[in-house]
file protein09.txt (compact mmCIF, C-alpha atoms)
# COMPACT_ATOMS: atom_id res chain seq x y z
CA MET A 63 -35.51 2.73 8.77
CA PRO A 64 -32.78 5.41 8.62
CA ALA A 65 -32.00 6.99 5.28
CA PRO A 66 -28.92 5.58 3.53
CA PRO A 67 -25.80 7.71 3.68
CA GLU A 68 -25.26 10.39 1.06
CA THR A 69 -23.92 8.90 -2.14
CA GLY A 70 -22.74 12.08 -3.87
CA THR A 71 -19.28 11.61 -2.45
CA GLY A 72 -19.85 8.01 -1.45
CA PRO A 73 -18.78 4.64 -2.76
CA ASP A 74 -20.70 4.93 -6.05
CA ALA A 75 -19.03 8.22 -6.89
CA ALA A 76 -15.69 6.82 -5.76
CA LEU A 77 -16.20 3.75 -7.93
CA ARG A 78 -16.89 5.86 -11.01
CA ARG A 79 -13.90 8.06 -10.29
CA LEU A 80 -11.58 5.08 -9.78
CA GLU A 81 -12.75 3.39 -12.96
CA ALA A 82 -12.12 6.62 -14.89
CA VAL A 83 -8.62 6.91 -13.43
CA SER A 84 -7.83 3.28 -14.33
CA ALA A 85 -8.99 3.78 -17.90
CA SER A 86 -7.03 7.02 -18.22
CA LEU A 87 -3.84 5.43 -16.85
CA ARG A 88 -4.11 2.44 -19.18
CA ALA A 89 -4.71 4.66 -22.21
CA GLU A 90 -1.76 6.90 -21.34
CA HIS A 91 0.44 3.83 -20.69
CA ASP A 92 -0.56 2.33 -24.05
CA ARG A 93 0.36 5.56 -25.87
CA TRP A 94 3.67 5.72 -24.04
CA ARG A 95 4.44 2.07 -24.86
CA GLU A 96 3.94 2.71 -28.55
CA GLY A 97 6.66 5.36 -28.42
CA ALA A 98 8.88 3.30 -26.13
CA ALA A 99 9.38 0.59 -28.75
CA ALA A 100 10.56 3.17 -31.28
CA ARG A 101 12.82 4.81 -28.71
CA ALA A 102 14.35 1.42 -27.79
CA ALA A 103 15.03 0.69 -31.45
CA ALA A 104 16.69 4.10 -31.90
CA ARG A 105 18.77 3.57 -28.77
CA GLY A 106 19.94 0.17 -30.04
CA ALA A 107 20.82 1.59 -33.47
CA ALA A 108 22.80 4.43 -31.92
CA ALA A 109 24.67 1.97 -29.70
CA ARG A 110 25.54 -0.26 -32.69
CA ARG A 111 26.88 2.73 -34.63
CA GLY A 112 29.05 3.63 -31.67
CA ASP A 113 27.26 6.96 -31.14
CA LEU A 114 26.89 6.17 -27.44
CA GLY A 115 30.54 5.24 -26.91
CA PRO A 116 32.55 1.99 -27.04
CA GLY A 117 31.08 0.59 -23.83
CA ALA A 118 27.49 0.85 -25.07
CA ARG A 119 28.51 -0.60 -28.45
CA ASP A 120 30.20 -3.56 -26.75
CA LEU A 121 27.13 -4.25 -24.64
CA GLN A 122 24.77 -3.90 -27.59
CA ASP A 123 26.91 -6.34 -29.60
CA ARG A 124 26.71 -8.86 -26.76
CA VAL A 125 22.94 -8.33 -26.45
CA ASP A 126 22.55 -8.81 -30.20
CA GLY A 127 24.70 -11.94 -30.01
CA GLY A 128 22.53 -13.42 -27.29
CA LEU A 129 25.36 -13.37 -24.75
CA THR A 130 23.52 -11.07 -22.35
CA THR A 131 20.39 -8.97 -21.98
CA TRP A 132 19.86 -5.37 -20.93
CA ALA A 133 17.95 -6.70 -17.94
CA ALA A 134 21.02 -8.74 -16.91
CA VAL A 135 23.20 -5.68 -17.39
CA LEU A 136 20.94 -3.60 -15.14
CA ASP A 137 20.28 -6.13 -12.37
CA GLY A 138 23.90 -7.25 -12.01
CA ARG A 139 23.72 -10.77 -13.43
CA ASP A 140 26.07 -9.67 -16.19
CA ARG A 141 29.45 -9.46 -14.42
CA SER A 142 31.40 -8.14 -17.40
CA VAL A 143 33.46 -4.95 -17.16
CA ALA A 144 31.23 -3.17 -19.68
CA ALA A 145 28.10 -4.12 -17.69
CA ALA A 146 29.65 -2.93 -14.44
CA GLU A 147 30.54 0.34 -16.14
CA ALA A 148 26.95 0.69 -17.36
CA ARG A 149 25.64 0.15 -13.82
CA ARG A 150 28.03 2.83 -12.55
CA HIS A 151 26.58 5.20 -15.16
CA VAL A 152 23.08 4.35 -13.94
CA ALA A 153 23.97 5.04 -10.31
CA GLU A 154 25.49 8.41 -11.23
CA ARG A 155 22.51 9.43 -13.35
CA LEU A 156 20.06 8.52 -10.60
CA VAL A 157 21.90 10.75 -8.16
CA GLU A 158 21.78 13.58 -10.69
CA LEU A 159 18.09 13.09 -11.32
CA ALA A 160 17.22 12.84 -7.64
CA ARG A 161 18.67 16.33 -7.18
CA LEU A 162 16.06 17.64 -9.63
CA VAL A 163 13.09 16.35 -7.62
CA PRO A 164 11.49 19.24 -5.71
CA PRO A 165 11.83 18.78 -1.95
CA GLY A 166 8.06 18.86 -1.56
CA ASP A 167 7.73 15.78 -3.76
CA ARG A 168 10.30 13.75 -1.83
CA GLY A 169 9.36 11.24 0.85
CA VAL A 170 6.00 9.96 2.01
CA ARG A 171 3.55 12.79 2.37
CA GLY A 172 0.72 12.74 4.87
CA ARG A 173 -2.85 13.27 3.72
CA MET B 147 -60.78 -17.54 22.92
CA VAL B 148 -63.05 -19.44 20.55
CA ALA B 149 -61.72 -22.34 18.54
CA VAL B 150 -63.20 -22.22 15.06
CA SER B 151 -62.42 -25.73 13.96
CA SER B 152 -60.44 -28.55 15.46
CA ALA B 153 -59.36 -29.53 11.93
CA ALA B 154 -58.16 -26.06 11.02
CA GLY B 155 -54.46 -25.18 11.33
CA VAL B 156 -51.84 -22.65 10.39
CA HIS B 157 -48.80 -23.14 8.21
CA GLU B 158 -45.60 -21.28 7.42
CA VAL B 159 -45.53 -19.78 3.93
CA ARG B 160 -41.74 -19.62 3.75
CA ASP B 161 -38.95 -21.93 4.89
CA ALA B 162 -36.95 -19.19 6.59
CA GLY B 163 -34.10 -21.50 7.50
CA ALA B 164 -33.46 -22.65 3.94
CA VAL B 165 -31.06 -19.81 3.16
CA VAL B 166 -28.93 -20.17 6.27
CA ARG B 167 -29.28 -23.92 6.80
CA GLY B 168 -26.01 -25.56 7.76
CA GLY B 169 -24.75 -22.57 9.69
CA THR B 170 -21.53 -22.41 7.75
CA ARG B 171 -20.00 -19.10 6.83
CA PRO B 172 -20.60 -18.30 3.16
CA PRO B 173 -17.42 -18.26 1.11
CA GLY B 174 -15.80 -15.01 0.08
CA THR B 175 -15.83 -14.63 -3.68
CA GLU B 176 -14.02 -11.36 -4.36
CA GLY B 177 -10.76 -11.71 -2.46
CA ALA B 178 -8.93 -13.69 -5.14
CA PHE B 179 -9.25 -10.81 -7.62
CA VAL B 180 -7.67 -8.29 -5.25
CA ASP B 181 -5.08 -10.83 -4.08
CA GLY B 182 -4.08 -11.52 -7.69
CA LEU B 183 -3.66 -7.84 -8.50
CA ARG B 184 -1.74 -7.31 -5.29
CA ASP B 185 0.60 -10.18 -6.13
CA ASP B 186 1.17 -8.82 -9.64
CA CYS B 187 1.82 -5.35 -8.23
CA GLY B 188 4.14 -6.83 -5.63
CA LEU B 189 6.27 -8.44 -8.33
CA LEU B 190 6.47 -5.15 -10.20
CA ILE B 191 7.36 -3.22 -7.09
CA GLY B 192 10.22 -5.60 -6.35
CA GLY B 193 11.93 -4.48 -9.54
CA VAL B 194 11.56 -0.73 -9.13
CA LEU B 195 11.25 -0.19 -5.39
CA GLU B 196 14.85 0.82 -4.78
CA VAL B 197 15.16 2.98 -7.88
CA VAL B 198 12.01 4.93 -6.99
CA ARG B 199 13.18 5.30 -3.40
CA ARG B 200 16.54 6.68 -4.52
CA LEU B 201 14.98 8.99 -7.08
CA THR B 202 12.07 10.33 -5.09
CA GLY B 203 12.40 9.16 -1.51
CA ARG B 204 8.94 7.58 -1.88
CA ASP B 205 8.27 4.06 -0.60
CA LEU B 206 5.97 2.13 -2.92
CA LEU B 207 5.48 -0.67 -0.40
CA THR B 208 4.16 1.45 2.44
CA GLU B 209 2.34 3.94 0.23
CA LEU B 210 0.68 1.67 -2.30
CA LEU B 211 0.88 -2.01 -1.48
CA GLU B 212 0.40 -2.32 2.26
CA PRO B 213 -2.88 -0.35 2.31
CA LEU B 214 -4.34 -3.01 0.00
CA ALA B 215 -3.59 -5.77 2.49
CA GLY B 216 -7.19 -6.03 3.75
CA ASP B 217 -8.80 -9.46 3.58
CA MET B 218 -11.45 -8.86 0.90
CA ASP B 219 -12.44 -12.52 1.02
CA ALA B 220 -13.51 -11.98 4.63
CA VAL B 221 -15.46 -8.80 3.81
CA SER B 222 -16.99 -10.52 0.79
CA SER B 223 -18.00 -13.45 3.01
CA MET B 224 -19.55 -11.04 5.52
CA ARG B 225 -21.51 -9.38 2.73
CA ALA B 226 -22.88 -12.75 1.65
CA GLY B 227 -23.70 -13.61 5.26
CA TRP B 228 -25.68 -10.40 5.75
CA ALA B 229 -27.50 -11.00 2.48
CA GLU B 230 -28.46 -14.47 3.71
CA LEU B 231 -29.58 -13.00 7.01
CA ALA B 232 -31.70 -10.42 5.18
CA SER B 233 -33.34 -13.16 3.17
CA ALA B 234 -33.99 -15.33 6.22
CA THR B 235 -35.39 -12.53 8.41
CA GLY B 236 -37.53 -11.38 5.52
CA ALA B 237 -38.95 -14.90 5.26
CA VAL B 238 -39.64 -14.98 9.00
CA GLY B 239 -41.46 -11.66 8.63
CA GLU B 240 -43.58 -13.10 5.84
CA ASN B 241 -44.40 -16.08 8.02
CA TYR B 242 -45.54 -13.81 10.87
CA ARG B 243 -47.64 -11.78 8.44
CA ALA B 244 -49.22 -14.95 7.07
CA LEU B 245 -49.74 -16.20 10.63
CA ALA B 246 -51.58 -13.00 11.50
CA GLU B 247 -53.84 -13.51 8.49
CA GLN B 248 -54.47 -17.15 9.40
CA VAL B 249 -55.45 -16.50 13.02
CA PRO B 250 -59.12 -15.78 12.23
CA GLY B 251 -59.33 -19.21 10.62
CA VAL B 252 -58.33 -21.05 13.79
CA MET B 253 -59.56 -18.88 16.63
CA GLN B 254 -61.68 -15.84 17.30
CA GLY B 255 -62.25 -13.39 20.11
CA LEU B 256 -60.15 -10.86 22.01
CA SER B 257 -57.23 -13.25 22.44
CA ALA B 258 -57.27 -14.00 18.72
CA ASP B 259 -57.19 -10.27 17.94
CA ALA B 260 -54.26 -9.80 20.31
CA ALA B 261 -52.41 -12.74 18.79
CA ALA B 262 -52.91 -11.40 15.27
CA ARG B 263 -51.72 -7.93 16.33
CA LEU B 264 -48.64 -9.42 17.99
CA ALA B 265 -47.83 -11.47 14.89
CA GLY B 266 -48.27 -8.36 12.76
CA ARG B 267 -45.89 -6.35 14.92
CA LEU B 268 -43.31 -9.11 14.77
CA ALA B 269 -43.71 -9.20 10.98
CA VAL B 270 -42.94 -5.47 10.83
CA ALA B 271 -39.98 -5.90 13.17
CA HIS B 272 -38.54 -8.60 10.93
CA ASP B 273 -39.11 -6.47 7.87
CA GLU B 274 -37.02 -3.77 9.56
CA GLN B 275 -34.35 -6.32 10.32
CA ARG B 276 -34.35 -7.43 6.70
CA GLU B 277 -33.88 -3.83 5.55
CA ALA B 278 -31.08 -3.30 8.06
CA ALA B 279 -29.29 -6.49 7.04
CA THR B 280 -29.71 -5.54 3.38
CA LEU B 281 -28.14 -2.14 4.05
CA VAL B 282 -25.19 -3.78 5.79
CA ALA B 283 -24.74 -6.20 2.88
CA GLU B 284 -24.87 -3.32 0.39
CA GLN B 285 -22.33 -1.28 2.30
CA LEU B 286 -19.92 -4.21 2.57
CA GLY B 287 -20.44 -4.87 -1.14
CA HIS B 288 -19.51 -1.24 -1.87
CA VAL B 289 -16.32 -1.64 0.13
CA VAL B 290 -15.38 -4.76 -1.85
CA SER B 291 -16.15 -3.04 -5.18
CA VAL B 292 -14.15 0.07 -4.30
CA SER B 293 -11.32 -2.12 -3.05
CA LYS B 294 -11.19 -3.90 -6.41
CA ALA B 295 -11.28 -0.61 -8.32
CA THR B 296 -8.55 0.80 -6.08
CA ALA B 297 -6.35 -2.24 -6.67
CA GLU B 298 -6.83 -1.76 -10.41
CA VAL B 299 -5.75 1.89 -10.24
CA VAL B 300 -2.71 1.03 -8.11
CA CYS B 301 -1.70 -1.78 -10.46
CA ALA B 302 -2.18 0.38 -13.56
CA ALA B 303 -0.07 3.12 -11.97
CA LEU B 304 2.65 0.65 -11.00
CA GLN B 305 2.74 -0.96 -14.46
CA PHE B 306 3.21 2.47 -16.04
CA LEU B 307 5.77 3.43 -13.41
CA ASP B 308 7.68 0.19 -14.07
CA GLY B 309 7.87 1.05 -17.78
CA LEU B 310 9.12 4.56 -17.05
CA VAL B 311 11.79 3.24 -14.69
CA GLN B 312 13.00 0.61 -17.14
CA GLU B 313 13.36 3.17 -19.92
CA LEU B 314 15.09 5.61 -17.61
CA LEU B 315 17.58 2.92 -16.56
CA LEU B 316 18.33 1.93 -20.16
CA ASP B 317 18.94 5.58 -21.06
CA ALA B 318 21.23 5.94 -18.07
CA ALA B 319 23.10 2.71 -18.87
CA ALA B 320 24.02 4.10 -22.30
CA GLY B 321 26.59 6.33 -20.62
CA PRO B 322 27.14 10.08 -20.79
CA LEU B 323 26.73 10.22 -24.57
CA GLY B 324 23.40 8.45 -24.49
CA TRP B 325 22.25 10.43 -21.49
CA THR B 326 22.78 13.77 -23.18
CA LYS B 327 19.67 13.23 -25.26
CA ALA B 328 17.69 11.55 -22.49
CA ALA B 329 18.57 14.27 -19.99
CA ALA B 330 15.96 16.51 -21.57
CA THR B 331 13.10 14.08 -20.99
CA SER B 332 14.20 12.26 -17.85
CA PRO B 333 13.15 14.93 -15.34
CA ARG B 334 9.66 14.87 -16.84
CA MET B 335 9.62 11.09 -16.45
CA VAL B 336 10.49 11.43 -12.78
CA VAL B 337 7.74 14.02 -12.31
CA ARG B 338 5.32 11.59 -13.96
CA MET B 339 6.50 8.82 -11.61
CA ILE B 340 5.72 11.00 -8.62
CA ARG B 341 2.31 11.83 -10.06
CA LEU B 342 1.63 8.10 -10.59
CA ILE B 343 2.43 7.41 -6.96
CA ASP B 344 0.10 10.25 -5.97
CA GLN B 345 -2.67 8.84 -8.18
CA GLY B 346 -2.28 5.49 -6.44
CA ARG B 347 -2.45 7.21 -3.07
CA ASP B 348 -5.55 9.15 -4.11
CA ALA B 349 -7.21 5.84 -5.02
CA ILE B 350 -6.34 4.43 -1.61
CA ALA B 351 -7.82 7.57 -0.02
CA ASP B 352 -11.05 6.82 -1.92
CA LEU B 353 -11.01 3.30 -0.50
CA LEU B 354 -10.55 4.61 3.03
CA ARG B 355 -13.46 7.03 2.55
CA ALA B 356 -15.64 4.17 1.29
CA VAL B 357 -14.79 2.18 4.41
CA GLU B 358 -15.62 5.20 6.59
CA LEU B 359 -19.01 5.54 4.88
CA ALA B 360 -19.69 1.85 5.41
CA VAL B 361 -18.72 2.12 9.05
CA ALA B 362 -21.06 5.11 9.47
CA ALA B 363 -23.90 3.10 7.91
CA LEU B 364 -23.17 0.10 10.12
CA ARG B 365 -23.27 2.33 13.19
CA ARG B 366 -26.71 3.61 12.19
CA VAL B 367 -27.88 0.06 11.67
CA GLU B 368 -26.50 -0.91 15.03
CA ALA B 369 -28.60 1.86 16.59
CA LEU B 370 -31.62 0.56 14.69
CA LEU B 371 -31.01 -2.95 15.90
CA ASP B 372 -30.90 -1.68 19.46
CA THR B 373 -34.37 -0.26 18.88
CA LEU B 374 -35.53 -3.58 17.51
CA THR B 375 -34.11 -5.33 20.52
CA ALA B 376 -36.14 -3.02 22.74
CA LEU B 377 -39.26 -3.71 20.69
CA ALA B 378 -38.75 -7.45 20.88
CA ALA B 379 -38.30 -7.20 24.63
CA ALA B 380 -41.44 -5.06 24.91
CA VAL B 381 -43.58 -7.77 23.35
CA GLU B 382 -42.09 -10.21 25.82
CA THR B 383 -40.60 -12.55 23.33
CA GLY B 384 -37.33 -13.40 24.93
CA ALA B 385 -36.09 -15.35 21.95
CA HIS B 386 -36.54 -12.39 19.65
CA ALA B 387 -34.78 -10.09 22.08
CA GLU B 388 -31.78 -12.38 22.00
CA ALA B 389 -31.94 -12.48 18.23
CA GLY B 390 -31.85 -8.68 18.16
CA GLN B 391 -28.78 -8.67 20.37
CA ASP B 392 -27.14 -11.22 18.11
CA MET B 393 -27.77 -8.95 15.13
CA ALA B 394 -26.09 -6.06 16.93
CA GLY B 395 -23.14 -8.35 17.59
CA VAL B 396 -22.91 -9.28 13.96
CA ALA B 397 -23.11 -5.59 13.01
CA GLU B 398 -20.18 -4.97 15.29
CA ALA B 399 -18.25 -7.81 13.66
CA GLY B 400 -19.01 -6.31 10.27
CA PHE B 401 -17.87 -2.92 11.52
CA PHE B 402 -14.55 -4.24 12.71
CA GLY B 403 -14.11 -6.33 9.57
CA ALA B 404 -14.73 -3.33 7.32
CA ARG B 405 -12.40 -1.14 9.35
CA ALA B 406 -9.67 -3.76 9.20
CA ALA B 407 -10.03 -3.81 5.42
call {"tool": "encode", "arguments": {"input": "protein09.txt", "output": "structure tokens"}}
result
Amino acid sequence: MPAPPETGTGPDAALRRLEAVSASLRAEHDRWREGAAARAAARGAAARRGDLGPGARDLQDRVDGGLTTWAAVLDGRDRSVAAAEARRHVAERLVELARLVPPGDRGVRGR
Amino acid sequence: MVAVSSAAGVHEVRDAGAVVRGGTRPPGTEGAFVDGLRDDCGLLIGGVLEVVRRLTGRDLLTELLEPLAGDMDAVSSMRAGWAELASATGAVGENYRALAEQVPGVMQGLSADAAARLAGRLAVAHDEQREAATLVAEQLGHVVSVSKATAEVVCAALQFLDGLVQELLLDAAAGPLGWTKAAATSPRMVVRMIRLIDQGRDAIADLLRAVELAVAALRRVEALLDTLTALAAAVETGAHAEAGQDMAGVAEAGFFGARAA
């Protein structure tokens, strides 16, 4: 009977590594989520005060009044002028951000 | 040959066919878990695919979801089939060993000695087959386990990535005034997104390595089964030779199944 393949870098080691990565990702995601709720509340408060401009205040008022949702604003279901303006802002910011990504991190990399 | 007693007889100690009776393929039991995760991940990807592509040029579908498209139910079913085969061949081996021990009770002489030796050799050959089939089952089981763990990493990464994208979009939707504050943290969020994609890809690389290890093990088993086929042919038991060839065929099917996964 031939000896089983080496397991030092084999499936058992891979399994342990993958389980550790899963646990680490979930823990980091949980910590991030805790902060995200506070950040969303702060963003909403700033929009209501008008700190983010009249467009954001208008949208926040409509969200608070149950007339729309931020998801509808982002995915285009909300056809209002303020929502369209918000989507234009998003498109512009994404272009700006994409310019900051190092070229080596762009596109599918071979392994 | 000398008959000891006309009333004496031999009997099988194990019902070797009990495990595999019916001839149906055992059901896969692990595929639903991976399929469920993949479906969940697919829904998440639908919402962020285009944003991530525009931000990073990375394609979540081809990098993270498509590599998980292997049919783990099929591999899981193969694993169960090899485990059944291991159990059945082990039982046949036990029967041959018991037969060898029972020979002196029903006949004696040179022919009886030869018959007992032949039964003993066939018992050993079946033990080897049981070990080989067990190894194949274990390797396929490893592939299924690593596949599940990989799917969990990919899903965890995509869930986190989805949250980052949603927050980034809300910051961006707040307009230039809202973005001023977010502009400090947003590049870091994009860097984290890229790292999440890389972590998912690393997990998939682990899965591919696990499959390669399983394939290497199956190849060694295939070589072993060739040896067993030769042994079975040497003792002039045509039926066993055919069985050995069948095992090699099944090993090949397992090999292709694992590679497809």
call {"tool": "axis_aligned_box", "arguments": {"input": "protein09.txt", "around": "segment 138-142 of chain A", "padding_each_side": "5 Å", "output": "AutoDock Vina command-line options"}}
result
--center_x 27.6 --center_y -9.0 --center_z -14.7 --size_x 17.7 --size_y 13.5 --size_z 15.4
call {"tool": "residues_around", "arguments": {"input": "protein09.txt", "residues": "segment 103-111 of chain A", "least_positions_apart": "6", "cutoff": "9 Å", "atoms": "all atoms listed in the file", "output": "MDAnalysis selection string"}}
result
(chainID A and resid 117:123) or (chainID B and resid 316:317 320 324)
call {"tool": "interface_residues", "arguments": {"input": "protein09.txt", "of": "chain B", "to": "chain A", "cutoff": "8 Å", "atoms": "only C-alpha atoms", "output": "JSON, numbers by chain"}}
result
{"B": [197, 200, 201, 202, 203, 204, 205, 209, 274, 277, 278, 281, 288, 289, 291, 292, 295, 296, 298, 299, 302, 303, 306, 309, 313, 315, 316, 317, 318, 319, 320, 321, 322, 323, 324, 332, 333, 336, 337, 340, 349, 352, 353, 355, 356, 359, 362, 363, 366, 367, 370]}
call {"tool": "atom_distance", "arguments": {"input": "protein09.txt", "atom1": "atom CA of Asp217 of chain B", "atom2": "atom CA of Thr280 of chain B"}}
result
21.3 Å
call {"tool": "residues_around", "arguments": {"input": "protein09.txt", "residues": "Ala269 of chain B", "least_positions_apart": "5", "cutoff": "7 Å", "atoms": "all atoms listed in the file", "output": "PyMOL selection string"}}
result
chain B and resi 239-240+242-243
call {"tool": "atom_distance", "arguments": {"input": "protein09.txt", "atom1": "atom CA of Arg199 of chain B", "atom2": "atom CA of Asp308 of chain B"}}
result
13.0 Å
call {"tool": "closest_residue", "arguments": {"input": "protein09.txt", "among": "B:Gly188, B:Phe179, B:Val290, B:Asp273", "to": "Ser223 of chain B", "atoms": "all atoms listed in the file"}}
result
B:Val290
call {"tool": "atom_distance", "arguments": {"input": "protein09.txt", "atom1": "atom CA of Ala144 of chain A", "atom2": "atom CA of Gln312 of chain B"}}
result
18.8 Å
call {"tool": "build_atoms", "arguments": {"input": "protein09.txt", "residues": "segment 303-327 of chain B", "atoms": "N, CA and C atoms", "output": "compact mmCIF listing (two decimals), in the coordinates of the input"}}
result
# COMPACT_ATOMS: atom_id res chain seq x y z
N ALA B 303 -1.10 2.11 -12.24
CA ALA B 303 -0.07 3.12 -11.97
C ALA B 303 1.31 2.46 -11.86
N LEU B 304 1.36 1.32 -11.19
CA LEU B 304 2.65 0.65 -11.00
C LEU B 304 3.18 0.07 -12.31
N GLN B 305 2.29 -0.43 -13.17
CA GLN B 305 2.74 -0.96 -14.46
C GLN B 305 3.36 0.16 -15.30
N PHE B 306 2.69 1.32 -15.30
CA PHE B 306 3.21 2.47 -16.04
C PHE B 306 4.54 2.91 -15.43
N LEU B 307 4.56 2.99 -14.11
CA LEU B 307 5.77 3.43 -13.41
C LEU B 307 6.93 2.48 -13.71
N ASP B 308 6.64 1.19 -13.75
CA ASP B 308 7.68 0.19 -14.07
C ASP B 308 8.26 0.45 -15.46
N GLY B 309 7.38 0.76 -16.43
CA GLY B 309 7.87 1.05 -17.78
C GLY B 309 8.76 2.29 -17.81
N LEU B 310 8.32 3.33 -17.09
CA LEU B 310 9.12 4.56 -17.05
C LEU B 310 10.49 4.30 -16.44
N VAL B 311 10.52 3.52 -15.36
CA VAL B 311 11.79 3.24 -14.69
C VAL B 311 12.71 2.44 -15.61
N GLN B 312 12.16 1.44 -16.27
CA GLN B 312 13.00 0.61 -17.14
C GLN B 312 13.63 1.45 -18.26
N GLU B 313 12.81 2.34 -18.85
CA GLU B 313 13.36 3.17 -19.92
C GLU B 313 14.41 4.13 -19.39
N LEU B 314 14.12 4.68 -18.23
CA LEU B 314 15.09 5.61 -17.61
C LEU B 314 16.42 4.90 -17.36
N LEU B 315 16.36 3.67 -16.86
CA LEU B 315 17.58 2.92 -16.56
C LEU B 315 18.36 2.60 -17.84
N LEU B 316 17.64 2.24 -18.90
CA LEU B 316 18.33 1.93 -20.16
C LEU B 316 19.00 3.18 -20.72
N ASP B 317 18.31 4.33 -20.62
CA ASP B 317 18.94 5.58 -21.06
C ASP B 317 20.20 5.86 -20.25
N ALA B 318 20.08 5.65 -18.95
CA ALA B 318 21.23 5.94 -18.07
C ALA B 318 22.37 4.98 -18.33
N ALA B 319 22.07 3.72 -18.64
CA ALA B 319 23.10 2.71 -18.87
C ALA B 319 23.90 3.00 -20.14
N ALA B 320 23.34 3.80 -21.04
CA ALA B 320 24.02 4.10 -22.30
C ALA B 320 25.20 5.03 -22.11
N GLY B 321 25.41 5.50 -20.87
CA GLY B 321 26.59 6.33 -20.62
C GLY B 321 26.33 7.79 -20.89
N PRO B 322 27.32 8.62 -20.66
CA PRO B 322 27.14 10.08 -20.79
C PRO B 322 26.65 10.50 -22.17
N LEU B 323 27.14 9.82 -23.22
CA LEU B 323 26.73 10.22 -24.57
C LEU B 323 25.24 9.94 -24.79
N GLY B 324 24.81 8.80 -24.33
CA GLY B 324 23.40 8.45 -24.49
C GLY B 324 22.51 9.30 -23.59
N TRP B 325 23.05 9.68 -22.46
CA TRP B 325 22.25 10.43 -21.49
C TRP B 325 22.01 11.87 -21.94
N THR B 326 22.91 12.37 -22.75
CA THR B 326 22.78 13.77 -23.18
C THR B 326 21.41 14.01 -23.79
N LYS B 327 20.98 13.08 -24.62
CA LYS B 327 19.67 13.23 -25.26
C LYS B 327 18.55 12.96 -24.25
